[in-house]
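Quick look at final-v7.txt (compact mmCIF, C-alpha atoms and all ligand atoms):
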# COMPACT_ATOMS: atom_id res chain seq x y z
CA MET A 28 0.00 0.00 0.00
CA LYS A 29 1.05 3.58 -0.50
CA ILE A 30 1.05 5.58 2.72
CA VAL A 31 1.59 9.32 2.52
CA ALA A 32 2.55 11.19 5.69
CA LEU A 33 3.04 14.93 6.22
CA PHE A 34 5.44 15.94 8.99
CA PRO A 35 7.28 19.14 9.93
CA GLU A 36 10.84 19.27 8.67
CA THR A 37 13.73 18.54 11.00
CA SER A 38 15.64 21.77 11.23
CA GLY A 39 18.29 23.24 13.50
CA SER A 40 20.14 21.63 16.36
CA GLY A 41 18.56 20.39 19.57
CA THR A 42 15.85 18.37 17.87
CA GLU A 43 17.12 14.89 18.67
CA ASN A 44 14.28 14.06 21.10
CA GLN A 45 11.53 15.01 18.67
CA LEU A 46 9.63 12.04 17.17
CA LEU A 47 7.11 13.85 15.03
CA ASN A 48 9.23 15.17 12.16
CA THR A 49 10.38 14.17 8.69
CA GLU A 50 13.47 12.43 10.07
CA LYS A 51 11.98 10.24 12.81
CA ALA A 52 8.46 10.10 11.31
CA ILE A 53 7.15 8.59 14.59
CA GLY A 54 9.02 5.38 13.81
CA LEU A 55 7.02 4.67 10.66
CA LYS A 56 10.00 4.14 8.33
CA PRO A 57 11.18 0.76 9.74
CA PHE A 58 7.63 -0.16 10.80
CA LEU A 59 6.21 0.09 7.27
CA GLN A 60 9.32 -1.11 5.44
CA GLU A 61 9.27 -4.33 7.45
CA LYS A 62 5.66 -4.88 6.39
CA GLY A 63 6.45 -4.19 2.73
CA HIS A 64 4.51 -0.94 2.35
CA GLU A 65 5.60 2.23 0.59
CA LEU A 66 5.97 5.32 2.79
CA VAL A 67 6.17 8.77 1.24
CA ILE A 68 7.07 11.50 3.72
CA LEU A 69 6.13 15.02 2.74
CA ASN A 70 6.81 18.36 4.31
CA ASP A 71 4.70 20.85 2.37
CA ASN A 72 0.89 20.63 2.46
CA GLU A 73 0.46 23.06 -0.43
CA LYS A 74 3.11 21.95 -2.90
CA ASP A 75 3.66 18.23 -2.44
CA LEU A 76 0.45 16.52 -1.48
CA ASN A 77 -1.54 16.87 -4.71
CA ALA A 78 1.02 14.85 -6.67
CA HIS A 79 0.22 11.75 -4.60
CA LEU A 80 -3.57 11.95 -4.47
CA ALA A 81 -4.12 9.68 -7.47
CA ASP A 82 -2.64 6.55 -5.91
CA MET A 83 -2.42 7.02 -2.13
CA ASP A 84 -4.14 4.44 0.09
CA VAL A 85 -3.57 6.08 3.47
CA VAL A 86 -2.82 9.65 4.52
CA ILE A 87 -1.33 10.52 7.91
CA SER A 88 -0.84 13.94 9.44
CA ALA A 89 -0.89 15.65 12.82
CA PRO A 90 -3.18 18.56 13.76
CA PHE A 91 -0.04 20.56 14.65
CA TYR A 92 1.00 20.35 11.01
CA PRO A 93 -2.08 19.28 9.09
CA ALA A 94 -2.50 17.86 5.62
CA TYR A 95 -5.72 19.67 4.74
CA MET A 96 -7.83 16.94 3.14
CA THR A 97 -10.39 19.16 1.45
CA LYS A 98 -13.41 17.99 -0.53
CA GLU A 99 -11.44 18.50 -3.80
CA ARG A 100 -8.53 16.47 -2.57
CA LEU A 101 -10.75 13.67 -1.32
CA ASN A 102 -12.59 13.63 -4.66
CA ASN A 103 -9.22 13.34 -6.41
CA ALA A 104 -7.99 10.45 -4.26
CA PRO A 105 -9.89 7.42 -5.60
CA ASN A 106 -7.76 4.85 -3.73
CA LEU A 107 -7.80 6.60 -0.38
CA LYS A 108 -9.29 4.37 2.30
CA LEU A 109 -7.96 5.76 5.54
CA ALA A 110 -7.03 9.19 6.96
CA ILE A 111 -5.13 8.93 10.23
CA THR A 112 -4.80 11.87 12.59
CA ALA A 113 -1.53 11.58 14.49
CA GLY A 114 -3.06 13.23 17.55
CA VAL A 115 -6.56 14.41 18.47
CA GLY A 116 -8.90 16.56 16.33
CA SER A 117 -9.67 15.57 12.74
CA ASP A 118 -11.20 18.80 11.43
CA HIS A 119 -8.36 19.15 8.88
CA VAL A 120 -10.22 16.41 6.99
CA ASP A 121 -13.51 17.50 5.38
CA LEU A 122 -15.58 14.98 7.32
CA ASP A 123 -18.70 15.35 5.14
CA ALA A 124 -16.60 14.59 2.05
CA ALA A 125 -14.95 11.67 3.85
CA VAL A 126 -18.44 10.29 4.55
CA LYS A 127 -19.40 10.67 0.87
CA ASN A 128 -16.18 9.12 -0.39
CA GLU A 129 -16.27 6.33 2.21
CA VAL A 130 -12.90 7.28 3.60
CA THR A 131 -12.44 6.14 7.21
CA VAL A 132 -11.09 8.81 9.56
CA VAL A 133 -9.42 7.73 12.81
CA GLU A 134 -7.39 9.55 15.43
CA VAL A 135 -5.38 8.63 18.53
CA THR A 136 -8.05 9.64 21.01
CA GLY A 137 -6.69 10.42 24.47
CA SER A 138 -3.05 10.55 23.34
CA ASN A 139 -2.44 14.15 24.38
CA THR A 140 -5.41 15.11 26.54
CA VAL A 141 -3.35 15.53 29.74
CA SER A 142 -0.73 17.51 27.80
CA VAL A 143 -3.32 19.98 26.53
CA ALA A 144 -5.10 20.25 29.90
CA GLU A 145 -1.81 21.17 31.60
CA HIS A 146 -1.13 23.77 28.90
CA ALA A 147 -4.57 25.33 29.33
CA VAL A 148 -4.03 25.66 33.10
CA MET A 149 -0.65 27.24 32.39
CA ASP A 150 -2.25 29.72 29.96
CA ILE A 151 -4.88 30.70 32.55
CA LEU A 152 -2.20 31.44 35.13
CA ILE A 153 0.01 33.29 32.65
CA LEU A 154 -2.84 35.64 31.79
CA LEU A 155 -4.33 36.19 35.24
CA ARG A 156 -1.00 36.73 36.98
CA ASN A 157 0.06 39.20 34.27
CA PHE A 158 3.15 37.06 33.76
CA LEU A 159 3.86 38.53 30.33
CA GLU A 160 4.38 42.07 31.68
CA GLY A 161 6.37 40.83 34.68
CA HIS A 162 8.63 38.79 32.40
CA ARG A 163 9.03 41.63 29.92
CA GLN A 164 10.23 43.92 32.70
CA ALA A 165 12.64 41.26 33.98
CA GLU A 166 14.18 40.88 30.54
CA GLU A 167 14.28 44.57 29.71
CA GLY A 168 15.91 45.77 32.94
CA GLU A 169 12.81 47.47 34.40
CA TRP A 170 11.25 47.32 37.90
CA ASN A 171 7.85 48.98 37.45
CA LEU A 172 5.73 47.28 40.13
CA SER A 173 2.70 49.53 39.69
CA GLN A 174 2.48 48.67 36.03
CA VAL A 175 2.69 44.91 36.52
CA GLY A 176 0.55 44.90 39.67
CA ASN A 177 -2.22 46.87 37.97
CA ASP A 178 -3.45 43.80 36.08
CA ALA A 179 -2.27 40.91 38.28
CA HIS A 180 -4.97 38.72 39.87
CA ASP A 181 -5.35 35.63 42.01
CA LEU A 182 -7.06 32.71 40.32
CA GLN A 183 -8.72 31.84 43.66
CA HIS A 184 -12.46 32.61 43.80
CA LYS A 185 -12.72 33.29 40.06
CA THR A 186 -15.39 31.63 37.90
CA VAL A 187 -13.91 29.49 35.15
CA GLY A 188 -16.20 28.45 32.27
CA ILE A 189 -15.23 25.34 30.34
CA PHE A 190 -16.67 25.19 26.82
CA GLY A 191 -16.68 21.52 25.77
CA PHE A 192 -16.62 19.14 28.73
CA GLY A 193 -15.12 16.01 27.19
CA ARG A 194 -11.78 14.41 27.97
CA ILE A 195 -9.68 17.59 28.03
CA GLY A 196 -12.36 19.83 29.55
CA GLN A 197 -12.82 17.43 32.45
CA LEU A 198 -9.07 17.10 33.03
CA VAL A 199 -8.86 20.90 33.16
CA ALA A 200 -11.65 20.95 35.78
CA GLU A 201 -9.82 18.37 37.89
CA ARG A 202 -6.59 20.36 37.70
CA LEU A 203 -8.25 23.70 38.51
CA ALA A 204 -10.30 22.47 41.50
CA PRO A 205 -7.44 22.83 44.04
CA PHE A 206 -7.19 26.54 43.12
CA ASP A 207 -10.53 27.07 44.91
CA VAL A 208 -12.37 28.37 41.85
CA THR A 209 -16.02 28.13 40.80
CA LEU A 210 -16.23 25.78 37.83
CA GLN A 211 -19.01 25.78 35.25
CA HIS A 212 -19.28 24.14 31.85
CA TYR A 213 -21.35 24.02 28.70
CA ASP A 214 -21.50 20.84 26.59
CA PRO A 215 -24.57 19.48 24.75
CA MET A 216 -23.41 15.92 25.50
CA ASN A 217 -22.69 16.49 29.20
CA GLN A 218 -25.66 18.46 30.48
CA LYS A 219 -25.16 17.57 34.12
CA ASP A 220 -23.06 18.72 37.06
CA MET A 221 -19.87 16.67 37.27
CA LYS A 222 -16.22 16.83 38.35
CA GLY A 223 -17.03 19.71 40.69
CA SER A 224 -18.39 21.76 37.77
CA THR A 225 -21.95 23.02 37.24
CA PHE A 226 -23.64 22.66 33.84
CA VAL A 227 -24.89 26.05 32.62
CA PRO A 228 -26.48 27.16 29.33
CA PHE A 229 -24.07 28.66 26.79
CA ASP A 230 -25.35 32.21 27.38
CA LYS A 231 -24.74 32.00 31.10
CA LEU A 232 -21.26 30.55 30.58
CA VAL A 233 -20.37 33.47 28.33
CA LYS A 234 -21.85 36.19 30.53
CA THR A 235 -20.71 35.03 33.99
CA SER A 236 -17.23 33.52 33.55
CA ASP A 237 -14.08 35.42 34.52
CA VAL A 238 -12.15 32.98 32.33
CA ILE A 239 -13.44 30.86 29.45
CA THR A 240 -11.37 27.93 28.22
CA ILE A 241 -12.38 26.23 24.95
CA HIS A 242 -12.19 22.43 24.63
CA ALA A 243 -14.77 21.50 21.96
CA PRO A 244 -13.91 20.17 18.50
CA LEU A 245 -14.18 22.37 15.41
CA THR A 246 -17.54 21.43 13.86
CA HIS A 247 -20.29 23.18 11.90
CA SER A 248 -21.74 24.37 15.23
CA THR A 249 -18.49 25.67 16.78
CA ASP A 250 -16.90 27.18 13.65
CA ASN A 251 -16.59 30.95 14.25
CA LEU A 252 -18.84 30.65 17.33
CA PHE A 253 -16.81 33.11 19.39
CA ASP A 254 -17.44 36.07 17.09
CA LYS A 255 -18.07 39.71 18.01
CA GLU A 256 -21.62 39.00 19.15
CA VAL A 257 -20.53 36.36 21.66
CA LEU A 258 -17.22 38.01 22.64
CA SER A 259 -18.98 41.28 23.44
CA GLN A 260 -21.20 39.42 25.93
CA MET A 261 -18.20 38.15 27.88
CA LYS A 262 -17.55 39.94 31.18
CA GLU A 263 -15.58 43.15 30.91
CA GLY A 264 -11.96 42.33 31.76
CA SER A 265 -12.37 38.57 31.34
CA TYR A 266 -9.94 36.16 29.69
CA LEU A 267 -10.27 33.70 26.82
CA ILE A 268 -8.13 30.58 26.37
CA ASN A 269 -8.32 28.44 23.25
CA THR A 270 -6.31 25.26 22.94
CA ALA A 271 -9.03 23.56 20.84
CA ARG A 272 -9.02 25.00 17.30
CA GLY A 273 -8.22 28.47 15.98
CA LYS A 274 -11.32 28.71 13.79
CA ILE A 275 -13.67 28.48 16.80
CA VAL A 276 -12.70 32.09 17.57
CA ASN A 277 -13.05 34.85 14.99
CA THR A 278 -9.54 36.14 14.29
CA ASP A 279 -10.30 39.83 13.77
CA ASP A 280 -13.12 40.07 16.32
CA VAL A 281 -11.00 38.84 19.22
CA LYS A 282 -8.22 41.23 18.23
CA GLU A 283 -10.72 44.08 18.26
CA MET A 284 -12.12 43.09 21.67
CA ILE A 285 -8.61 42.91 23.14
CA GLU A 286 -7.64 46.26 21.63
CA SER A 287 -10.80 47.88 23.04
CA ASN A 288 -9.90 46.38 26.47
CA HIS A 289 -13.19 44.49 26.70
CA ILE A 290 -11.25 41.22 26.88
CA GLN A 291 -8.20 41.41 29.13
CA GLY A 292 -6.18 38.59 27.59
CA TYR A 293 -6.15 35.80 25.00
CA ALA A 294 -3.98 32.70 25.04
CA GLY A 295 -3.70 29.35 23.32
CA ASP A 296 -1.74 27.44 20.74
CA VAL A 297 -4.20 26.93 17.87
CA TRP A 298 -4.46 29.06 14.72
CA TYR A 299 -6.02 29.00 11.31
CA PRO A 300 -4.51 28.18 8.95
CA GLN A 301 -1.55 26.23 10.23
CA PRO A 302 1.32 26.91 10.05
CA ALA A 303 0.08 30.45 10.84
CA PRO A 304 1.32 33.09 8.38
CA SER A 305 3.99 35.42 9.76
CA ASP A 306 1.54 38.35 9.63
CA HIS A 307 -1.32 36.56 11.45
CA PRO A 308 -3.03 39.27 13.60
CA TRP A 309 -2.76 37.18 16.78
CA ARG A 310 1.03 37.31 16.63
CA THR A 311 1.07 41.05 17.32
CA MET A 312 -2.16 41.86 19.20
CA PRO A 313 -1.68 43.10 22.78
CA ARG A 314 -2.00 40.94 25.92
CA GLN A 315 -1.80 37.61 24.10
CA ALA A 316 0.09 34.56 25.31
CA MET A 317 -0.03 32.64 22.06
CA THR A 318 2.39 29.83 21.28
CA VAL A 319 2.77 27.74 18.17
CA HIS A 320 0.63 24.59 18.18
CA TYR A 321 2.58 22.36 20.53
CA SER A 322 0.50 21.86 23.69
CA GLY A 323 -0.40 18.32 22.60
CA MET A 324 3.05 17.29 21.45
CA THR A 325 5.08 16.96 24.60
CA LEU A 326 7.60 14.13 24.26
CA GLU A 327 5.33 11.91 26.34
CA ALA A 328 2.39 12.71 24.05
CA GLN A 329 4.48 12.06 20.95
CA ALA A 330 5.38 8.60 22.27
CA ARG A 331 1.67 7.86 22.83
CA ILE A 332 0.84 9.19 19.35
CA GLU A 333 3.50 6.92 17.80
CA GLU A 334 2.09 3.90 19.62
CA GLY A 335 -1.47 4.82 18.63
CA VAL A 336 -0.72 5.37 14.93
CA LYS A 337 1.09 2.01 14.76
CA ASP A 338 -1.87 0.35 16.47
CA ILE A 339 -4.25 1.89 13.91
CA LEU A 340 -2.09 0.80 10.96
CA THR A 341 -1.70 -2.72 12.34
CA ARG A 342 -5.47 -3.07 12.71
CA PHE A 343 -5.95 -1.70 9.19
CA PHE A 344 -3.46 -4.13 7.60
CA GLU A 345 -4.87 -7.07 9.57
CA GLU A 346 -8.45 -6.02 8.77
CA LYS A 347 -9.33 -5.88 12.48
CA PRO A 348 -11.75 -3.29 13.88
CA PHE A 349 -10.27 0.00 15.12
CA GLN A 350 -10.65 0.90 18.79
CA GLU A 351 -14.10 2.45 19.03
CA LYS A 352 -12.78 5.57 20.83
CA ASP A 353 -10.52 6.38 17.83
CA VAL A 354 -13.14 6.29 15.06
CA ILE A 355 -14.38 9.65 13.75
CA VAL A 356 -15.82 8.59 10.36
CA ASP A 357 -16.51 5.01 9.32
CA GLY A 358 -18.97 3.05 7.21
CA GLY A 359 -20.17 6.19 5.40
CA LYS A 360 -21.16 8.11 8.55
CA ILE A 361 -19.73 10.30 11.29
CA ALA A 362 -19.28 7.87 14.16
CA SER A 363 -17.96 10.21 16.87
CA SER A 364 -20.69 11.86 18.94
CA SER A 365 -18.28 14.74 19.70
CA TYR A 366 -18.50 15.77 16.05
CA THR A 367 -22.29 15.64 15.81
CA ALA A 368 -23.14 17.39 19.11
CA GLU A 369 -25.03 20.67 18.72
N1 LIG A 401 -4.02 22.05 21.08
C1 LIG A 401 -3.80 20.78 20.90
O1 LIG A 401 -2.68 20.33 20.72
C2 LIG A 401 -4.97 19.81 20.95
C3 LIG A 401 -4.73 18.47 21.27
C4 LIG A 401 -5.81 17.62 21.42
C5 LIG A 401 -7.09 18.06 21.15
N2 LIG A 401 -7.29 19.35 20.78
C6 LIG A 401 -8.65 19.83 20.47
O2 LIG A 401 -9.47 19.65 21.61
C7 LIG A 401 -10.71 19.08 21.21
C8 LIG A 401 -11.31 18.33 22.36
O3 LIG A 401 -10.52 17.18 22.65
P1 LIG A 401 -11.05 16.06 23.66
O4 LIG A 401 -10.03 14.99 23.69
O5 LIG A 401 -11.51 16.67 24.94
O6 LIG A 401 -12.33 15.57 22.85
P2 LIG A 401 -13.67 14.89 23.41
O7 LIG A 401 -14.34 14.32 22.23
O8 LIG A 401 -13.34 13.98 24.56
O9 LIG A 401 -14.49 16.12 24.00
C9 LIG A 401 -15.03 17.11 23.22
C10 LIG A 401 -16.30 17.59 23.90
O10 LIG A 401 -16.78 18.74 23.19
C11 LIG A 401 -18.19 18.66 23.18
N3 LIG A 401 -18.82 19.47 22.15
C12 LIG A 401 -19.07 19.15 20.84
N4 LIG A 401 -19.74 20.15 20.23
C13 LIG A 401 -19.92 21.10 21.17
C14 LIG A 401 -20.56 22.36 21.15
N5 LIG A 401 -21.18 22.81 20.05
N6 LIG A 401 -20.57 23.09 22.29
C15 LIG A 401 -19.97 22.64 23.41
N7 LIG A 401 -19.36 21.44 23.51
C16 LIG A 401 -19.34 20.69 22.39
C17 LIG A 401 -18.49 17.19 22.99
O11 LIG A 401 -19.80 16.86 23.39
C18 LIG A 401 -17.42 16.54 23.87
O12 LIG A 401 -17.88 16.27 25.16
C19 LIG A 401 -10.35 18.22 20.00
O13 LIG A 401 -11.45 18.00 19.16
C20 LIG A 401 -9.28 19.04 19.32
O14 LIG A 401 -9.85 19.92 18.39
C21 LIG A 401 -6.26 20.24 20.69
Do you think you could lay out the structure here as structure tokens?
Amino acid sequence: MKIVALFPETSGSGTENQLLNTEKAIGLKPFLQEKGHELVILNDNEKDLNAHLADMDVVISAPFYPAYMTKERLNNAPNLKLAITAGVGSDHVDLDAAVKNEVTVVEVTGSNTVSVAEHAVMDILILLRNFLEGHRQAEEGEWNLSQVGNDAHDLQHKTVGIFGFGRIGQLVAERLAPFDVTLQHYDPMNQKDMKGSTFVPFDKLVKTSDVITIHAPLTHSTDNLFDKEVLSQMKEGSYLINTARGKIVNTDDVKEMIESNHIQGYAGDVWYPQPAPSDHPWRTMPRQAMTVHYSGMTLEAQARIEEGVKDILTRFFEEKPFQEKDVIVDGGKIASSSYTAE
């Protein structure tokens, strides 16, 4: 079979631990060679991928560095049977087109949920404690305590709203509980109080949270959901964290709300498109603690992703069923309830 994988290029020194790159390719080179399959490793989503559509059987990419499998591409890939997400979140595949073309979409569910939850907690603290200003002063030789203290807060006694209360959302709740916060969540699939968090309607979550952290997948119902209308209903001086998907938040609207001081800070690691262009507005807007998309690719997560992708490929070659938790699209329908929730 012909397996096409897109990975970020290995560049610079100090990358020897990294598994998810063109050089190590999460161990797929020996793994597939031994089984007699062809592996093509690509680095450029735009330039390289189209040349292989005609005869590829499997496509693999990570959400951090996605191969965008659009409707056109899926229509032009007659042999494609399987799209594997080396991580969690398969929105880079047009799932409706995958359904139509009977392409199975699977991901390594759970592989980096702890990694992302830890990152989200870090982002919340970075914003509330006004770490960015304190760090800037430390680096630039300043000691302006009034300026840094002006926007520094305790997390204790704040209300944190969790949008999307699945695996990551619940891990975030568990990790935040010892900070003595009030937790509330909105999730159409989890409309009950759990993990010390109260279920609230979406409107209430938006209007009453001091911090909102987003942990829902990118779907038709979450795409561009946090636009000006919703953002303007957030509490004055509140914070927004997004480690789910960049497109859930409107790029220009959040910039405007930060610049007008309605929202005090924005943080996360997800952008659209990815890799984010060098002039993406979030790179330069004030009071942002953005990073590149790496919260879910700690070395521990990468090892779990490698194991999970190999498990998926083994099941595929041996015609055994995939683990139910991993299946997003199969048998001509969307199988994951997380992607159909509204
Ligand atoms: N930044 C990263 O590196 C990274 C890594 C892993 C996952 N993610 C993102 O985080 C998302 C969540 O991951 P997970 O493992 O918790 O998935 P999950 O499937 O366990 O949980 C997602 C939850 O979101 C809920 N949801 C769906 N539509 C919703 C809506 N309209 N409103 C509110 N809630 C809704 C679902 O019901 C589900 O409970 C992934 O889909 C992915 O996009 C990002």
Once 8 Å is added on each side, what centre and edge lengths in Å to one decimal does the axis-aligned box around all listed atoms of ligand LIG 401 (chain A) have, as AutoDock Vina command-line options?
--center_x -11.9 --center_y 18.5 --center_z 21.8 --size_x 34.5 --size_y 25.1 --size_z 22.8
Return as a short mmCIF file (atom, residue, chain, number, x, y, z; two decimals) with C-alpha atoms, in the frame of the given file every polymer residue, whether protein, DNA or RNA, with at least one atom no more than 7 Å from an atom of ligand LIG 401 (chain A); count only C-alpha atoms and all ligand atoms.
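Final file, out-v8.cif:
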data_model
loop_
_atom_site.label_atom_id
_atom_site.label_comp_id
_atom_site.auth_asym_id
_atom_site.auth_seq_id
_atom_site.Cartn_x
_atom_site.Cartn_y
_atom_site.Cartn_z
CA PHE A 91 -0.04 20.56 14.65
CA GLY A 114 -3.06 13.23 17.55
CA VAL A 115 -6.56 14.41 18.47
CA GLY A 116 -8.90 16.56 16.33
CA THR A 136 -8.05 9.64 21.01
CA GLY A 137 -6.69 10.42 24.47
CA ASN A 139 -2.44 14.15 24.38
CA THR A 140 -5.41 15.11 26.54
CA VAL A 143 -3.32 19.98 26.53
CA PHE A 190 -16.67 25.19 26.82
CA GLY A 191 -16.68 21.52 25.77
CA PHE A 192 -16.62 19.14 28.73
CA GLY A 193 -15.12 16.01 27.19
CA ARG A 194 -11.78 14.41 27.97
CA ILE A 195 -9.68 17.59 28.03
CA GLY A 196 -12.36 19.83 29.55
CA TYR A 213 -21.35 24.02 28.70
CA ASP A 214 -21.50 20.84 26.59
CA PRO A 215 -24.57 19.48 24.75
CA MET A 216 -23.41 15.92 25.50
CA ASN A 217 -22.69 16.49 29.20
CA HIS A 242 -12.19 22.43 24.63
CA ALA A 243 -14.77 21.50 21.96
CA PRO A 244 -13.91 20.17 18.50
CA LEU A 245 -14.18 22.37 15.41
CA THR A 246 -17.54 21.43 13.86
CA SER A 248 -21.74 24.37 15.23
CA THR A 249 -18.49 25.67 16.78
CA THR A 270 -6.31 25.26 22.94
CA ALA A 271 -9.03 23.56 20.84
CA ARG A 272 -9.02 25.00 17.30
CA ASP A 296 -1.74 27.44 20.74
CA VAL A 297 -4.20 26.93 17.87
CA HIS A 320 0.63 24.59 18.18
CA TYR A 321 2.58 22.36 20.53
CA SER A 322 0.50 21.86 23.69
CA GLY A 323 -0.40 18.32 22.60
CA MET A 324 3.05 17.29 21.45
CA SER A 364 -20.69 11.86 18.94
CA SER A 365 -18.28 14.74 19.70
CA TYR A 366 -18.50 15.77 16.05
CA THR A 367 -22.29 15.64 15.81
CA ALA A 368 -23.14 17.39 19.11
CA GLU A 369 -25.03 20.67 18.72
#
Item to check | Atomic distance CA of Ser38 in chain A - CA of Asn269 in chain A, expressed in Å with one decimal | outcome: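 Here the two named atoms are 27.6 Å from each other.
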Item to check | Who sits within 10 Å of Val281 in chain A, all atoms listed in the file, same chain under 6 positions skipped, as a PyMOL selection string | outcome: chain A and resi 253-255+258-259+267+287+289-290+292-293+308-309+312
Item to check | Top pick for closest residue to Lys185 in chain A, considering A:Glu160, A:Ser363, A:Val238, A:Val133 and counting all atoms listed in the file | outcome: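 When distances to Lys185 in chain A are compared using all atoms listed in the file, the smallest one comes from A:Val238.
Our summary of the geometry notes that CA of Lys360 in chain A is positioned 5.3 Å from CA of Val126 in chain A.
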Next on the checklist: Please list as a list in words every residue within 9 Å of Tyr299 in chain A, counting all atoms listed in the file and excluding residues in the same chain fewer than 6 positions away.
Outcome noted: Arg272, Gly273, Lys274, Thr278 and His307 of chain A
Next on the checklist: With 9 Å as the threshold, what does the neighbourhood of (-21.0, 32.6, 32.0) contain in terms of residues, counting only C-alpha atoms? Coordinates are those of the file; answer as a list in words.
Outcome noted: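 Checking each residue against the 9 Å limit leaves Thr186, Val187, Gly188, Gln211, His212, Val227, Pro228, Phe229, Asp230, Lys231, Leu232, Val233, Lys234, Thr235, Ser236, Asp237, Val238, Ile239, Met261 and Lys262 of chain A.
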Checklist entry - So how many Å separate CA of Met284 in chain A and CA of Gly176 in chain A, to one decimal? => result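 Distance between the two atoms: 22.1 Å.
Of the listed residues (A:Ser265, A:Ser117, A:Thr42, A:Asn77), A:Ser117 comes nearest to Ala89 in chain A; the distances count only C-alpha atoms.
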Checklist entry - Between A:Ile241, A:Asn48, A:Glu333, A:Asp178, which is the closest to Asn288 in chain A once you count only C-alpha atoms? => result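 Counting only C-alpha atoms, the residue closest to Asn288 in chain A is A:Asp178.
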Item to check | Residue with smallest distance to Phe226 in chain A - pool A:Ile189, A:Thr49, A:Thr240, A:Tyr92, counting only C-alpha atoms | outcome: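 Between A:Ile189, A:Thr49, A:Thr240, A:Tyr92, the residue approaching Phe226 in chain A most closely is A:Ile189.
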Item to check | Residue among A:Ile275, A:Leu252, A:Leu33, A:Val208 lying closest to His184 in chain A, counting only C-alpha atoms | outcome: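 Counting only C-alpha atoms, the residue closest to His184 in chain A is A:Val208.
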Item to check | Contact residues around Ile30 in chain A with all atoms listed in the file at 9 Å, ignoring same-chain residues under 2 positions, as a PyMOL selection string | outcome: chain A and resi 28+32+59+64-68+83-87
Just to be explicit: take each residue in the selection above, keep C-alpha atoms, and write the result as a short mmCIF file (atom, residue, chain, number, x, y, z; two decimals), in the coordinates of the input.
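result_30.cif, freshly written:
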data_model
loop_
_atom_site.label_atom_id
_atom_site.label_comp_id
_atom_site.auth_asym_id
_atom_site.auth_seq_id
_atom_site.Cartn_x
_atom_site.Cartn_y
_atom_site.Cartn_z
CA MET A 28 0.00 0.00 0.00
CA ALA A 32 2.55 11.19 5.69
CA LEU A 59 6.21 0.09 7.27
CA HIS A 64 4.51 -0.94 2.35
CA GLU A 65 5.60 2.23 0.59
CA LEU A 66 5.97 5.32 2.79
CA VAL A 67 6.17 8.77 1.24
CA ILE A 68 7.07 11.50 3.72
CA MET A 83 -2.42 7.02 -2.13
CA ASP A 84 -4.14 4.44 0.09
CA VAL A 85 -3.57 6.08 3.47
CA VAL A 86 -2.82 9.65 4.52
CA ILE A 87 -1.33 10.52 7.91
#
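Closest approach to Lys29 in chain A among A:Pro57, A:Gly63, A:Pro300, A:Gly335 is made by A:Gly63 (distances from all atoms listed in the file).
Near Gly359 in chain A, within 12 Å and counting all atoms listed in the file, sit Lys108, Leu122, Asp123, Ala124, Ala125, Val126, Lys127, Asn128, Glu129, Val130, Thr131 and Val132 of chain A; same-chain residues fewer than 6 positions away were not included.
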